[in-house]
file final-v3.txt (compact mmCIF, C-alpha atoms)
# COMPACT_ATOMS: atom_id res chain seq x y z
CA MET H 1 2.45 1.67 -23.95
CA ALA H 2 0.75 3.63 -21.18
CA VAL H 3 -2.50 3.10 -19.31
CA GLY H 4 -3.52 5.47 -16.51
CA ASN H 5 0.03 6.41 -15.47
CA TRP H 6 1.31 2.82 -15.92
CA THR H 7 4.16 2.85 -18.42
CA ALA H 8 6.60 0.24 -19.62
CA ALA H 9 10.14 0.75 -18.36
CA GLU H 10 12.67 1.17 -21.14
CA GLY H 11 14.67 -1.77 -19.84
CA ILE H 12 16.27 -3.19 -16.74
CA GLU H 13 18.49 -0.15 -16.17
CA ASP H 14 15.55 2.28 -16.45
CA PHE H 15 13.54 0.20 -13.96
CA ARG H 16 16.54 0.02 -11.64
CA ASP H 17 17.12 3.77 -11.76
CA THR H 18 13.52 4.96 -11.44
CA VAL H 19 11.73 2.49 -9.19
CA VAL H 20 14.13 0.30 -7.26
CA PRO H 21 15.52 3.10 -5.03
CA ILE H 22 11.98 3.98 -3.94
CA LEU H 23 10.90 0.38 -3.33
CA SER H 24 14.17 -0.33 -1.51
CA ALA H 25 13.11 2.12 1.19
CA HIS H 26 10.58 -0.55 2.24
CA PRO H 27 12.47 -3.81 1.70
CA ALA H 28 10.17 -6.06 3.76
CA GLN H 29 7.03 -4.99 1.86
CA ASN H 30 8.77 -5.27 -1.51
CA ASN H 31 10.96 -8.28 -0.79
CA GLN H 32 9.68 -10.55 -3.54
CA LEU H 33 9.87 -7.93 -6.30
CA LEU H 34 13.31 -6.74 -5.19
CA ALA H 35 14.69 -10.29 -4.96
CA VAL H 36 13.43 -11.23 -8.43
CA PHE H 37 14.71 -7.98 -9.88
CA ASP H 38 18.13 -8.46 -8.26
CA ARG H 39 18.40 -11.80 -10.03
CA LEU H 40 17.59 -10.10 -13.34
CA LEU H 41 20.38 -7.61 -12.65
CA THR H 42 22.94 -10.25 -11.77
CA GLU H 43 22.01 -13.00 -14.24
CA GLY H 44 20.50 -11.01 -17.09
CA PRO H 45 17.01 -10.49 -18.47
CA HIS H 46 16.49 -14.17 -19.27
CA ALA H 47 17.35 -15.49 -15.82
CA PHE H 48 13.84 -16.97 -15.49
CA GLY H 49 13.21 -18.04 -19.07
CA GLU H 50 13.50 -17.17 -22.73
CA ARG H 51 10.88 -14.41 -22.76
CA ASP H 52 11.82 -10.86 -21.85
CA PRO H 53 10.70 -9.61 -18.43
CA GLU H 54 7.77 -7.22 -18.26
CA LEU H 55 8.66 -4.10 -16.25
CA LEU H 56 5.99 -1.48 -15.65
CA VAL H 57 6.08 1.66 -13.55
CA TRP H 58 3.21 3.65 -12.08
CA HIS H 59 3.78 7.30 -11.27
CA GLY H 60 1.13 8.76 -9.01
CA HIS H 61 1.56 11.60 -6.63
CA PRO H 62 3.08 10.98 -4.09
CA ASN H 63 3.43 7.22 -4.64
CA VAL H 64 5.36 5.15 -7.12
CA ALA H 65 4.65 1.49 -7.79
CA ALA H 66 6.08 -1.20 -10.00
CA LEU H 67 4.85 -4.30 -11.72
CA LEU H 68 7.31 -7.00 -12.71
CA ARG H 69 6.77 -10.28 -14.49
CA THR H 70 9.28 -12.86 -15.61
CA PRO H 71 7.21 -15.10 -17.92
CA PRO H 72 5.94 -17.71 -17.35
CA TYR H 73 5.67 -16.64 -13.70
CA ALA H 74 3.02 -14.38 -12.16
CA TYR H 75 3.20 -10.61 -11.87
CA ILE H 76 4.58 -9.05 -8.71
CA LEU H 77 3.23 -5.67 -7.61
CA GLY H 78 5.51 -3.52 -5.49
CA GLY H 79 4.87 -0.18 -3.91
CA ALA H 80 1.44 1.25 -3.20
CA PRO H 81 -0.55 2.70 -6.06
CA ASP H 82 -3.68 4.59 -5.02
CA THR H 83 -7.19 3.53 -6.04
CA ALA H 84 -6.83 5.15 -9.46
CA GLY H 85 -3.54 3.29 -9.98
CA ILE H 86 -5.16 -0.02 -9.01
CA SER H 87 -8.10 0.63 -11.37
CA ALA H 88 -5.71 1.50 -14.19
CA LEU H 89 -3.74 -1.68 -13.44
CA VAL H 90 -6.88 -3.80 -13.73
CA ASP H 91 -7.73 -2.05 -17.02
CA LEU H 92 -4.22 -2.72 -18.28
CA LEU H 93 -4.28 -6.40 -17.32
CA ARG H 94 -7.74 -6.94 -18.83
CA ASP H 95 -7.04 -5.11 -22.10
CA PRO H 96 -7.14 -7.73 -24.86
CA GLY H 97 -5.06 -5.45 -27.09
CA ASN H 98 -1.83 -5.81 -25.13
CA VAL H 99 0.52 -8.59 -24.10
CA HIS H 100 -0.14 -8.35 -20.36
CA ASP H 101 -1.97 -11.27 -18.80
CA GLY H 102 -3.42 -10.61 -15.36
CA ARG H 103 -4.52 -14.10 -14.45
CA GLU H 104 -1.97 -14.29 -11.64
CA ILE H 105 -0.58 -11.40 -9.64
CA ASN H 106 1.18 -11.19 -6.29
CA VAL H 107 0.06 -8.08 -4.44
CA PRO H 108 1.08 -6.47 -1.16
CA GLU H 109 -1.50 -6.84 1.58
CA ALA H 110 -2.02 -3.07 1.59
CA CYS H 111 -3.28 -3.22 -2.03
CA GLU H 112 -5.27 -6.44 -1.83
CA GLN H 113 -8.71 -5.06 -1.03
CA ALA H 114 -8.53 -2.29 -3.64
CA LEU H 115 -7.42 -4.80 -6.28
CA VAL H 116 -10.22 -7.24 -5.36
CA GLU H 117 -12.80 -4.46 -5.62
CA ALA H 118 -11.47 -3.11 -8.93
CA TRP H 119 -11.17 -6.59 -10.46
CA THR H 120 -14.66 -7.58 -9.32
CA GLN H 121 -16.14 -4.35 -10.65
CA GLY H 122 -14.33 -4.72 -13.97
CA THR H 123 -15.04 -8.40 -14.56
CA GLY H 124 -18.11 -9.19 -12.48
CA HIS H 125 -16.13 -11.99 -10.84
CA PRO H 126 -14.11 -11.77 -7.64
CA PRO H 127 -10.53 -13.02 -7.89
CA ARG H 128 -9.45 -15.91 -5.76
CA VAL H 129 -6.45 -16.17 -3.50
CA LEU H 130 -4.14 -18.98 -4.53
CA GLU H 131 -1.49 -18.49 -1.88
CA ARG H 132 -0.48 -16.12 0.90
CA MET H 133 3.18 -15.46 1.60
CA ARG H 134 4.92 -14.17 4.66
CA LEU H 135 8.37 -12.84 5.37
CA TYR H 136 9.87 -13.91 8.67
CA ARG H 137 12.54 -11.96 10.49
CA LEU H 138 15.16 -13.63 12.64
CA ASP H 139 15.78 -11.34 15.60
CA SER H 140 18.49 -13.48 17.13
CA PRO H 141 19.53 -17.06 16.54
CA ILE H 142 19.02 -19.61 19.28
CA VAL H 143 21.88 -22.06 19.56
CA PRO H 144 20.53 -25.59 20.05
CA ASP H 145 21.39 -27.26 23.34
CA PRO H 146 22.90 -29.75 22.95
CA PRO H 147 24.48 -28.64 19.67
CA PRO H 148 24.22 -31.04 16.73
CA PRO H 149 27.38 -32.94 15.71
CA GLY H 150 29.87 -30.63 14.01
CA LEU H 151 28.52 -27.39 15.53
CA THR H 152 30.77 -25.74 18.07
CA PRO H 153 29.27 -23.04 20.26

call {"tool": "encode", "arguments": {"input": "final-v3.txt", "output": "structure tokens"}}
result
Amino acid sequence: MAVGNWTAAEGIEDFRDTVVPILSAHPAQNNQLLAVFDRLLTEGPHAFGERDPELLVWHGHPNVAALLRTPPYAYILGGAPDTAGISALVDLLRDPGNVHDGREINVPEACEQALVEAWTQGTGHPPRVLERMRLYRLDSPIVPDPPPPGLTP
């Protein structure tokens, strides 16, 4: 299966070898996808349920992107496909002839506007945001004063 440079990975190992090294260069932006994929690696392809995970890769020059879904959960988009890659993704998710269901997808902020525009153009209906996520970084811990019982400074 291929739509506009989106192709199905041949399995977990193929996805790991082709996409994960590239996405790992930007761990904060791809945190959710990398964390879910790591669980697939450590616990197996059915770590989230009985259905096989959906692993898609987009090869565009110079970018690479990935789409991962562990049914019944939503898709997770990692990387940064260009406008053509986003349009092809919308076409793929809307195609009634395949198994991909695009009703829910987690997208990086950098891709949000392009996805909204492509989805709206393709369907005539703008998507709606169900939830926004953030990743917080702990620069340095602050020891409580006074410390709680059992904590020694």

call {"tool": "closest_residue", "arguments": {"input": "final-v3.txt", "among": "H:Gly102, H:Gly60, H:Pro148, H:Gly97", "to": "Ala74 in chain H", "atoms": "all atoms listed in the file"}}
result
H:Gly102

call {"tool": "residues_near_point", "arguments": {"input": "final-v3.txt", "point": "(6.0, 3.9, -16.4)", "cutoff": "12 Å", "atoms": "only C-alpha atoms", "output": "list in words"}}
result
Met1, Ala2, Val3, Gly4, Asn5, Trp6, Thr7, Ala8, Ala9, Glu10, Gly11, Asp14, Phe15, Thr18, Val19, Glu54, Leu55, Leu56, Val57, Trp58, His59, Gly60, Val64, Ala65, Ala66, Leu67, Leu68, Gly85 and Leu89 of chain H

call {"tool": "closest_residue", "arguments": {"input": "final-v3.txt", "among": "H:Ala110, H:Leu93, H:Ala80, H:Val143", "to": "Gly122 in chain H", "atoms": "all atoms listed in the file"}}
result
H:Leu93

call {"tool": "residues_around", "arguments": {"input": "final-v3.txt", "residues": "Arg132 in chain H", "least_positions_apart": "2", "cutoff": "12 Å", "atoms": "only C-alpha atoms", "output": "PyMOL selection string"}}
result
chain H and resi 105-109+112+128-130+134-135

call {"tool": "closest_residue", "arguments": {"input": "final-v3.txt", "among": "H:Pro141, H:Glu104, H:Pro126, H:Ile76", "to": "Asn30 in chain H", "atoms": "only C-alpha atoms"}}
result
H:Ile76

call {"tool": "residues_around", "arguments": {"input": "final-v3.txt", "residues": "range 32-47 of chain H", "least_positions_apart": "4", "cutoff": "8 Å", "atoms": "only C-alpha atoms", "output": "list of chain:residue names"}}
result
H:Ile12, H:Val20, H:Leu23, H:Ser24, H:Pro27, H:Arg51, H:Asp52, H:Pro53, H:Leu68, H:Ile76, H:Leu77, H:Gly78

call {"tool": "atom_distance", "arguments": {"input": "final-v3.txt", "atom1": "CA of Glu50 in chain H", "atom2": "CA of Tyr73 in chain H"}}
result
12.0 Å

call {"tool": "atom_distance", "arguments": {"input": "final-v3.txt", "atom1": "CA of Cys111 in chain H", "atom2": "CA of Tyr136 in chain H"}}
result
20.0 Å

call {"tool": "residues_around", "arguments": {"input": "final-v3.txt", "residues": "Gly49 in chain H", "least_positions_apart": "5", "cutoff": "9 Å", "atoms": "all atoms listed in the file", "output": "list of chain:residue names"}}
result
H:Thr70, H:Pro71, H:Pro72

call {"tool": "write_last_selection", "arguments": {"input": "final-v3.txt", "atoms": "C-alpha atoms", "output": "PDB file, in the coordinates of the input"}}
result
ATOM      1  CA  THR H  70       9.280 -12.860 -15.610  1.00  0.00           C
ATOM      2  CA  PRO H  71       7.210 -15.100 -17.920  1.00  0.00           C
ATOM      3  CA  PRO H  72       5.940 -17.710 -17.350  1.00  0.00           C
TER       4      PRO H  72
END

call {"tool": "closest_residue", "arguments": {"input": "final-v3.txt", "among": "H:Phe48, H:Pro147, H:Gly79, H:Ser87", "to": "Ala28 in chain H", "atoms": "all atoms listed in the file"}}
result
H:Gly79

call {"tool": "closest_residue", "arguments": {"input": "final-v3.txt", "among": "H:Val99, H:Ala84, H:Val90, H:Ile22", "to": "Trp119 in chain H", "atoms": "only C-alpha atoms"}}
result
H:Val90
